[in-house]
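Engineer: Got a structure for you, run.txt, holding compact mmCIF, C-alpha atoms and all ligand atoms.
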# COMPACT_ATOMS: atom_id res chain seq x y z
CA MET A 1310 150.41 150.20 140.82
CA ARG A 1311 147.65 149.88 138.22
CA PHE A 1312 144.09 149.41 139.48
CA PHE A 1313 140.69 148.64 137.99
CA LYS A 1314 137.27 149.24 139.52
CA GLY A 1315 134.25 147.04 138.95
CA HIS A 1316 131.00 145.86 140.48
CA GLY A 1317 128.46 143.05 140.47
CA THR A 1318 124.96 144.25 141.38
CA GLU A 1319 126.69 147.24 143.05
CA ASN A 1320 128.89 145.14 145.34
CA ASP A 1321 132.00 147.08 144.28
CA PHE A 1322 135.66 146.15 144.20
CA VAL A 1323 139.08 147.56 143.46
CA ILE A 1324 141.06 145.07 141.37
CA LEU A 1325 144.84 145.03 141.82
CA PRO A 1326 146.87 142.98 139.33
CA ASP A 1327 149.81 141.37 141.18
CA PRO A 1328 150.61 138.30 139.05
CA GLY A 1329 153.83 137.47 140.90
CA GLY A 1330 152.30 137.89 144.36
CA GLU A 1331 154.98 140.41 145.29
CA ALA A 1332 152.88 143.42 146.37
CA GLY A 1333 152.54 142.36 150.03
CA LEU A 1334 149.30 144.29 150.42
CA THR A 1335 148.69 145.14 154.09
CA ALA A 1336 145.34 145.42 155.88
CA SER A 1337 145.86 149.13 156.47
CA LEU A 1338 146.51 149.84 152.76
CA VAL A 1339 143.39 147.85 151.80
CA ALA A 1340 141.36 149.95 154.26
CA LYS A 1341 142.79 153.17 152.76
CA ILE A 1342 141.98 152.04 149.21
CA CYS A 1343 138.39 151.14 150.20
CA ASP A 1344 137.76 154.40 152.07
CA ARG A 1345 134.93 156.13 150.18
CA ARG A 1346 136.16 159.65 150.97
CA ALA A 1347 139.95 159.45 151.26
CA GLY A 1348 140.49 156.48 148.92
CA ILE A 1349 139.03 154.97 145.74
CA GLY A 1350 136.10 153.50 147.65
CA ALA A 1351 134.95 149.87 147.54
CA ASP A 1352 133.43 147.02 149.53
CA GLY A 1353 136.60 145.02 148.99
CA VAL A 1354 139.81 144.44 147.04
CA LEU A 1355 140.45 141.62 144.56
CA VAL A 1356 144.16 140.92 144.17
CA VAL A 1357 144.90 139.05 140.90
CA THR A 1358 147.78 136.65 141.54
CA ARG A 1359 148.96 133.54 139.70
CA THR A 1360 147.88 130.55 141.81
CA LYS A 1361 151.36 129.01 141.67
CA GLU A 1362 152.82 132.19 143.23
CA SER A 1363 150.68 132.05 146.39
CA HIS A 1364 151.62 129.70 149.23
CA GLU A 1365 147.96 129.87 150.35
CA VAL A 1366 146.56 128.13 147.25
CA SER A 1367 149.48 126.83 145.15
CA GLU A 1368 148.16 123.25 145.40
CA HIS A 1369 145.41 124.32 142.96
CA ALA A 1370 147.84 125.63 140.31
CA ALA A 1371 147.23 122.67 137.97
CA VAL A 1372 143.50 123.45 137.66
CA ALA A 1373 143.28 127.23 138.19
CA GLU A 1374 145.74 129.69 136.67
CA TRP A 1375 144.53 132.62 138.80
CA PHE A 1376 143.93 133.16 142.54
CA MET A 1377 141.26 135.64 143.67
CA ASP A 1378 142.94 136.98 146.82
CA TYR A 1379 139.89 138.68 148.37
CA ARG A 1380 140.10 141.33 151.13
CA ASN A 1381 137.21 143.04 152.93
CA ALA A 1382 137.03 146.84 153.16
CA ASP A 1383 138.44 146.74 156.72
CA GLY A 1384 141.50 144.85 155.44
CA SER A 1385 140.47 141.42 156.73
CA MET A 1386 140.74 138.36 154.48
CA ALA A 1387 137.78 136.16 153.57
CA GLU A 1388 137.51 132.70 152.13
CA MET A 1389 135.16 133.51 149.27
CA CYS A 1390 133.22 136.30 147.57
CA GLY A 1391 130.52 135.39 145.02
CA ASN A 1392 130.06 138.82 143.43
CA GLY A 1393 133.81 139.37 143.58
CA MET A 1394 134.25 136.16 141.60
CA ARG A 1395 131.98 137.43 138.81
CA VAL A 1396 133.88 140.73 138.65
CA PHE A 1397 137.23 138.90 138.85
CA ALA A 1398 136.20 136.70 135.91
CA ARG A 1399 135.12 139.75 133.90
CA TYR A 1400 138.51 141.36 134.55
CA LEU A 1401 140.43 138.22 133.48
CA ILE A 1402 138.48 138.04 130.22
CA ASP A 1403 138.76 141.78 129.44
CA ALA A 1404 142.51 141.66 130.17
CA GLY A 1405 142.96 138.63 127.87
CA LEU A 1406 144.15 136.46 130.77
CA GLU A 1407 141.35 133.89 130.26
CA GLN A 1408 139.15 133.03 127.28
CA SER A 1409 135.43 133.72 127.44
CA GLY A 1410 133.75 130.35 128.10
CA GLU A 1411 134.42 128.29 131.20
CA PHE A 1412 137.46 128.37 133.51
CA ALA A 1413 138.42 127.78 137.16
CA VAL A 1414 139.66 130.30 139.75
CA ALA A 1415 141.32 129.51 143.09
CA THR A 1416 140.02 131.08 146.31
CA ARG A 1417 140.84 130.50 149.98
CA GLY A 1418 137.58 128.52 150.10
CA GLY A 1419 138.63 126.20 147.24
CA VAL A 1420 138.43 126.22 143.45
CA ARG A 1421 135.34 127.75 141.78
CA LYS A 1422 134.31 127.32 138.13
CA VAL A 1423 132.92 130.30 136.23
CA ARG A 1424 131.03 130.47 132.93
CA VAL A 1425 130.12 133.39 130.70
CA GLU A 1426 126.47 133.23 129.57
CA PRO A 1427 125.30 134.25 126.06
CA ASN A 1428 123.76 137.45 127.52
CA GLY A 1429 127.08 138.40 129.14
CA ASP A 1430 126.10 137.47 132.69
CA ILE A 1431 128.60 135.38 134.61
CA THR A 1432 127.64 132.19 136.44
CA VAL A 1433 129.73 130.88 139.33
CA ASP A 1434 129.56 127.30 140.57
CA MET A 1435 129.45 128.19 144.28
CA GLY A 1436 129.75 124.65 145.62
CA LYS A 1437 127.34 122.90 147.94
CA PRO A 1438 126.02 125.13 150.73
CA VAL A 1439 126.46 123.52 154.16
CA VAL A 1440 123.66 124.06 156.69
CA LEU A 1441 125.29 123.97 160.12
CA GLY A 1442 122.31 124.69 162.36
CA GLU A 1443 120.17 127.55 163.60
CA SER A 1444 121.01 130.83 165.30
CA VAL A 1445 119.53 134.28 165.91
CA ALA A 1446 120.33 137.79 164.63
CA THR A 1447 119.23 140.88 166.56
CA VAL A 1448 118.32 144.06 164.67
CA GLY A 1449 116.74 147.08 166.32
CA GLY A 1450 115.83 145.08 169.43
CA HIS A 1451 114.08 142.34 167.41
CA GLU A 1452 115.35 138.79 167.32
CA TYR A 1453 115.22 137.00 163.97
CA PRO A 1454 115.87 133.24 163.89
CA GLY A 1455 117.77 131.96 160.88
CA LEU A 1456 120.03 129.31 159.42
CA HIS A 1457 123.78 129.12 159.93
CA ILE A 1458 125.12 128.30 156.46
CA SER A 1459 128.68 127.95 155.22
CA MET A 1460 129.41 129.03 151.66
CA GLY A 1461 133.12 128.69 152.39
CA ASN A 1462 132.52 131.84 154.45
CA PRO A 1463 129.99 132.06 157.33
CA HIS A 1464 126.40 133.23 156.93
CA LEU A 1465 123.30 133.65 159.07
CA ALA A 1466 120.25 133.94 156.79
CA CYS A 1467 117.05 135.06 158.56
CA ALA A 1468 113.53 135.36 157.17
CA ILE A 1469 111.69 138.40 158.52
CA GLY A 1470 107.99 139.15 158.44
CA ASP A 1471 108.30 142.84 157.53
CA PRO A 1472 109.69 144.46 154.38
CA VAL A 1473 113.49 144.53 154.71
CA VAL A 1474 113.55 148.21 153.73
CA GLN A 1475 112.44 149.11 157.27
CA LEU A 1476 115.48 147.57 158.97
CA ASP A 1477 118.17 149.77 160.50
CA LEU A 1478 121.43 148.25 159.29
CA THR A 1479 123.63 151.22 160.15
CA HIS A 1480 125.05 149.10 162.99
CA GLN A 1481 126.32 145.54 163.19
CA PRO A 1482 123.36 143.24 163.99
CA GLY A 1483 123.76 141.16 167.14
CA PHE A 1484 124.82 137.51 166.79
CA ASP A 1485 126.07 134.70 169.01
CA PRO A 1486 129.90 134.87 169.09
CA GLY A 1487 129.92 131.32 170.45
CA VAL A 1488 128.40 130.13 167.16
CA PHE A 1489 130.36 132.57 164.97
CA PRO A 1490 133.78 133.06 166.63
CA ASN A 1491 135.21 134.54 163.40
CA GLY A 1492 132.25 136.85 162.73
CA VAL A 1493 129.43 136.32 160.25
CA ASN A 1494 127.67 137.81 157.23
CA ILE A 1495 124.02 138.40 158.14
CA GLU A 1496 121.25 138.27 155.54
CA LEU A 1497 117.70 139.42 156.32
CA PHE A 1498 115.18 138.46 153.70
CA ASN A 1499 111.52 138.65 152.93
CA PRO A 1500 110.13 135.78 150.82
CA VAL A 1501 107.76 137.21 148.18
CA GLY A 1502 105.69 134.93 145.98
CA THR A 1503 107.17 131.73 144.66
CA SER A 1504 110.95 131.30 144.49
CA ARG A 1505 111.66 135.00 145.03
CA ALA A 1506 113.04 136.91 147.99
CA VAL A 1507 114.08 140.48 148.77
CA MET A 1508 117.31 140.60 150.78
CA ARG A 1509 119.53 143.03 152.64
CA VAL A 1510 122.90 142.09 154.08
CA TYR A 1511 125.33 143.26 156.72
CA GLU A 1512 128.71 141.89 155.67
CA ARG A 1513 131.54 140.90 157.96
CA GLY A 1514 134.40 143.33 157.40
CA CYS A 1515 132.33 145.76 155.29
CA GLY A 1516 129.02 146.78 156.89
CA GLU A 1517 125.86 146.96 154.82
CA THR A 1518 126.56 146.37 151.13
CA ARG A 1519 124.20 146.57 148.16
CA SER A 1520 124.67 142.90 147.31
CA CYS A 1521 126.51 139.79 148.53
CA GLY A 1522 126.79 136.77 146.22
CA THR A 1523 127.51 134.16 148.87
CA GLY A 1524 124.72 135.78 150.92
CA THR A 1525 122.19 135.44 148.09
CA VAL A 1526 122.93 131.70 147.87
CA ALA A 1527 122.58 131.36 151.67
CA THR A 1528 119.28 133.25 151.40
CA ALA A 1529 118.00 130.90 148.66
CA VAL A 1530 118.90 127.92 150.87
CA ALA A 1531 117.10 129.41 153.90
CA ALA A 1532 114.08 130.50 151.81
CA ALA A 1533 113.80 127.05 150.21
CA ALA A 1534 114.03 125.41 153.65
CA LEU A 1535 110.91 127.33 154.76
CA SER A 1536 108.89 125.14 152.39
CA GLY A 1537 110.95 122.00 153.04
CA ASP A 1538 112.86 122.28 149.74
CA THR A 1539 116.58 121.91 149.07
CA THR A 1540 116.59 122.46 145.30
CA GLY A 1541 115.14 124.99 142.86
CA THR A 1542 115.85 128.29 141.13
CA TRP A 1543 115.49 131.51 143.11
CA THR A 1544 115.41 135.16 142.12
CA ILE A 1545 117.02 137.25 144.83
CA GLU A 1546 116.45 141.02 144.77
CA VAL A 1547 119.09 143.09 146.53
CA PRO A 1548 119.43 146.88 146.75
CA GLY A 1549 121.95 146.80 143.86
CA GLY A 1550 119.95 144.62 141.43
CA THR A 1551 118.81 141.06 140.92
CA VAL A 1552 120.66 137.74 140.77
CA THR A 1553 119.58 134.18 140.07
CA VAL A 1554 120.50 131.30 142.38
CA THR A 1555 120.07 127.67 141.41
CA LEU A 1556 120.26 124.97 144.04
CA ASP A 1557 120.69 121.40 142.91
CA GLU A 1558 121.53 118.18 144.73
CA ASP A 1559 125.30 118.57 144.47
CA THR A 1560 126.07 122.26 144.19
CA SER A 1561 124.71 125.80 143.77
CA TYR A 1562 125.04 128.43 141.02
CA LEU A 1563 125.02 132.22 141.19
CA SER A 1564 124.29 134.18 137.97
CA GLY A 1565 124.30 137.90 137.39
CA PRO A 1566 125.99 140.86 135.75
CA ALA A 1567 129.57 142.02 136.32
CA VAL A 1568 131.20 145.14 134.88
CA ILE A 1569 134.54 146.93 134.96
CA VAL A 1570 133.93 150.69 135.13
CA ALA A 1571 137.33 152.39 135.51
CA SER A 1572 141.08 151.99 135.63
CA GLY A 1573 143.93 154.15 136.86
CA GLU A 1574 147.16 154.44 138.79
CA LEU A 1575 147.10 153.91 142.57
CA MET A 1576 148.84 156.79 144.37
CA LEU A 1577 148.10 155.57 147.93
CA ALA A 1578 150.87 154.04 150.02
CA GLU A 1579 151.28 152.68 153.53
N1 LIG A 1601 130.50 140.34 149.06
C1 LIG A 1601 130.86 138.99 149.09
C2 LIG A 1601 131.32 138.39 150.38
C3 LIG A 1601 132.63 139.01 150.84
C4 LIG A 1601 133.24 138.35 152.06
C5 LIG A 1601 132.47 138.55 153.33
N2 LIG A 1601 132.35 139.94 153.70
C6 LIG A 1601 133.15 137.74 154.46
O1 LIG A 1601 133.91 138.31 155.25
O2 LIG A 1601 132.92 136.54 154.51
C7 LIG A 1601 130.05 138.10 148.19
O3 LIG A 1601 129.60 138.61 147.15
O4 LIG A 1601 129.94 136.91 148.44
Is it possible to express this structure as structure tokens?
Structural biologist:
Amino acid sequence: MRFFKGHGTENDFVILPDPGGEAGLTASLVAKICDRRAGIGADGVLVVTRTKESHEVSEHAAVAEWFMDYRNADGSMAEMCGNGMRVFARYLIDAGLEQSGEFAVATRGGVRKVRVEPNGDITVDMGKPVVLGESVATVGGHEYPGLHISMGNPHLACAIGDPVVQLDLTHQPGFDPGVFPNGVNIELFNPVGTSRAVMRVYERGCGETRSCGTGTVATAVAAAALSGDTTGTWTIEVPGGTVTVTLDEDTSYLSGPAVIVASGELMLAE
């Protein structure tokens, strides 16, 4: 099977073209592919399948030709991946499967529109973030209150007083399983200046990653809420680079770079 490798602000993915949806990728093969020593190494896998070929999303086939079938590094499935969507769009354009400009992609979390900017960055319409309440993350014995936000997938975005660089994210932060029965992506951010925040993330199904697109939007929402705002443009710095998040009344946008860096033949099997 052919594979491609790409990243968006160093959130990295293996891309597997499976237009007919016949590969039947298992969780254990995904985990082998994502293994950074025994596999190719990645935070997740993006399977490229025609929307009409997937029973999960075929109702969107009239508006989105392609389905981003996203899997976390541990093999689990997720509803949505913001950086994955930028990389997925870059792959579709490079492979001649979509025209540069604007097009829609199906995900488990619904249809998302993407647009290629004049500077080559890719903008994703991420939909309207849904604030579901408050909860607490525990890191290194400290409790950090934050907002429970759905971006299609679950997030807990917590402002911290200290620089995020000091946090120990080698282990899963504590969270309330009653609030997050299916797990959660946890963002810890430090607001700096106006409309800017520095963020680290511990992703469900991956561990700490160098960026998380849905997490940067959740962070912008939580950072804006600190000053009573619900709209605005935010610069979010992550270990892997910088992205821009725009919150408006009806939706949110994530903009940033996305590159394909390699291709090859997958030799791994079950
Ligand atoms: N890296 C992603 C999010 C991937 C899914 C997440 N780990 C989950 O399980 O919800 C992003 O860029 O949004």
Engineer: Between A:Ile1458, A:Val1414, A:Ala1387, A:Cys1343, which is the closest to Ala1371 in chain A once you count all atoms listed in the file?
Structural biologist: A:Val1414
Engineer: Show which residues sit within 8 Å of range 1512-1523 of chain A, as an MDAnalysis selection string. Count all atoms listed in the file, and ignore same-chain residues fewer than 3 positions away.
Structural biologist: chainID A and resid 1317:1320 1352:1353 1381:1385 1389:1393 1435 1460 1462 1478:1481 1492:1495 1509 1526:1527 1547:1550 1563
Engineer: Give the answer as one residue: which of A:Ala1534, A:Ala1567, A:Leu1476, A:Leu1575 has the shortest atom-to-atom distance to ligand LIG 1601 (chain A), using all atoms listed in the file?
Structural biologist: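 Among the listed residues, A:Ala1567 lies closest to ligand LIG 1601 (chain A).
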Engineer: Enclose the full set of atoms of ligand LIG 1601 (chain A) listed in the file within a box whose edges lie along x, y and z, apply 4 Å of padding to each of the six sides, and report centre and edge lengths in Å to one decimal as JSON.
Structural biologist:
{"center_x": 131.8, "center_y": 138.4, "center_z": 151.2, "size_x": 12.3, "size_y": 11.8, "size_z": 16.1}
Engineer: Using all atoms listed in the file, which of A:Leu1465, A:Leu1497, A:Ala1347, A:Leu1334 sits nearest ligand LIG 1601 (chain A)?
Structural biologist: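 Closest to ligand LIG 1601 (chain A), using all atoms listed in the file: A:Leu1465.
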Engineer: Between A:Ser1459, A:Ser1337, A:Ser1367, A:Gln1475, which is the closest to Thr1528 in chain A once you count all atoms listed in the file?
Structural biologist: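 Selected residue with least distance to Thr1528 in chain A: A:Ser1459.
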Engineer: When distances are computed from all atoms listed in the file, which of A:Ala1370, A:Cys1467, A:Val1423, A:Ala1351 shows the smallest separation from ligand LIG 1601 (chain A)?
Structural biologist: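 Of the candidates, the smallest distance to ligand LIG 1601 (chain A) is held by A:Ala1351.
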Engineer: Calculated over only C-alpha atoms, which of the candidates A:Ala1532, A:Val1372, A:Val1568, A:Ala1578 has the smallest distance to Ile1402 in chain A?
Structural biologist: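 Among the listed residues, A:Val1568 lies closest to Ile1402 in chain A.
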Engineer: One decimal, in Å: what's the spacing between CA of Ser1561 in chain A and CA of Asp1471 in chain A?
Structural biologist: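 Distance between the two atoms: 27.4 Å.
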Engineer: With a distance cut-off of 7 Å and all atoms listed in the file, select the neighbouring residues of Pro1454 in chain A, excluding the residue or stretch itself and same-chain residues fewer than 2 positions from it, and output the selection as a list in words.
Structural biologist: Ser1444, Val1445, Ala1446, Glu1452 and Cys1467 of chain A
Engineer: Figure out the distance between CA of Thr1360 in chain A and atom O2 of ligand LIG 1601 (chain A), please, to one decimal in Å.
Structural biologist: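 Computing the Euclidean distance for atom O2 of ligand LIG 1601 (chain A) and CA of Thr1360 in chain A yields 20.5 Å.
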Engineer: Please provide the set of residues having any atom within 10 Å of Gly1315 in chain A, restricted to all atoms listed in the file, with same-chain residues fewer than 6 positions apart removed, written as number ranges by chain.
Structural biologist: A: 1321-1324, 1351, 1355, 1393, 1395-1397, 1399-1400, 1567-1572
Engineer: So what do you get for CA of Lys1437 in chain A versus CA of Glu1368 in chain A, distance-wise?
Structural biologist: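 Atom-to-atom, CA of Lys1437 in chain A to CA of Glu1368 in chain A, that is 21.0 Å.
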Engineer: For range 1502-1504 of chain A, list every protein, DNA or RNA residue within 12 Å, evaluated using all atoms listed in the file, and leave out those in the same chain fewer than 5 positions away; present the list as a PDB file with C-alpha atoms, in the frame of the given file.
Structural biologist:
ATOM      1  CA  THR A1528     119.280 133.250 151.400  1.00  0.00           C
ATOM      2  CA  ALA A1529     118.000 130.900 148.660  1.00  0.00           C
ATOM      3  CA  VAL A1530     118.900 127.920 150.870  1.00  0.00           C
ATOM      4  CA  ALA A1531     117.100 129.410 153.900  1.00  0.00           C
ATOM      5  CA  ALA A1532     114.080 130.500 151.810  1.00  0.00           C
ATOM      6  CA  ALA A1533     113.800 127.050 150.210  1.00  0.00           C
ATOM      7  CA  ALA A1534     114.030 125.410 153.650  1.00  0.00           C
ATOM      8  CA  LEU A1535     110.910 127.330 154.760  1.00  0.00           C
ATOM      9  CA  SER A1536     108.890 125.140 152.390  1.00  0.00           C
ATOM     10  CA  ASP A1538     112.860 122.280 149.740  1.00  0.00           C
ATOM     11  CA  THR A1539     116.580 121.910 149.070  1.00  0.00           C
ATOM     12  CA  THR A1540     116.590 122.460 145.300  1.00  0.00           C
ATOM     13  CA  GLY A1541     115.140 124.990 142.860  1.00  0.00           C
ATOM     14  CA  THR A1542     115.850 128.290 141.130  1.00  0.00           C
ATOM     15  CA  TRP A1543     115.490 131.510 143.110  1.00  0.00           C
ATOM     16  CA  THR A1544     115.410 135.160 142.120  1.00  0.00           C
ATOM     17  CA  ILE A1545     117.020 137.250 144.830  1.00  0.00           C
ATOM     18  CA  GLU A1546     116.450 141.020 144.770  1.00  0.00           C
ATOM     19  CA  THR A1553     119.580 134.180 140.070  1.00  0.00           C
ATOM     20  CA  VAL A1554     120.500 131.300 142.380  1.00  0.00           C
ATOM     21  CA  THR A1555     120.070 127.670 141.410  1.00  0.00           C
ATOM     22  CA  LEU A1556     120.260 124.970 144.040  1.00  0.00           C
TER      23      LEU A1556
END
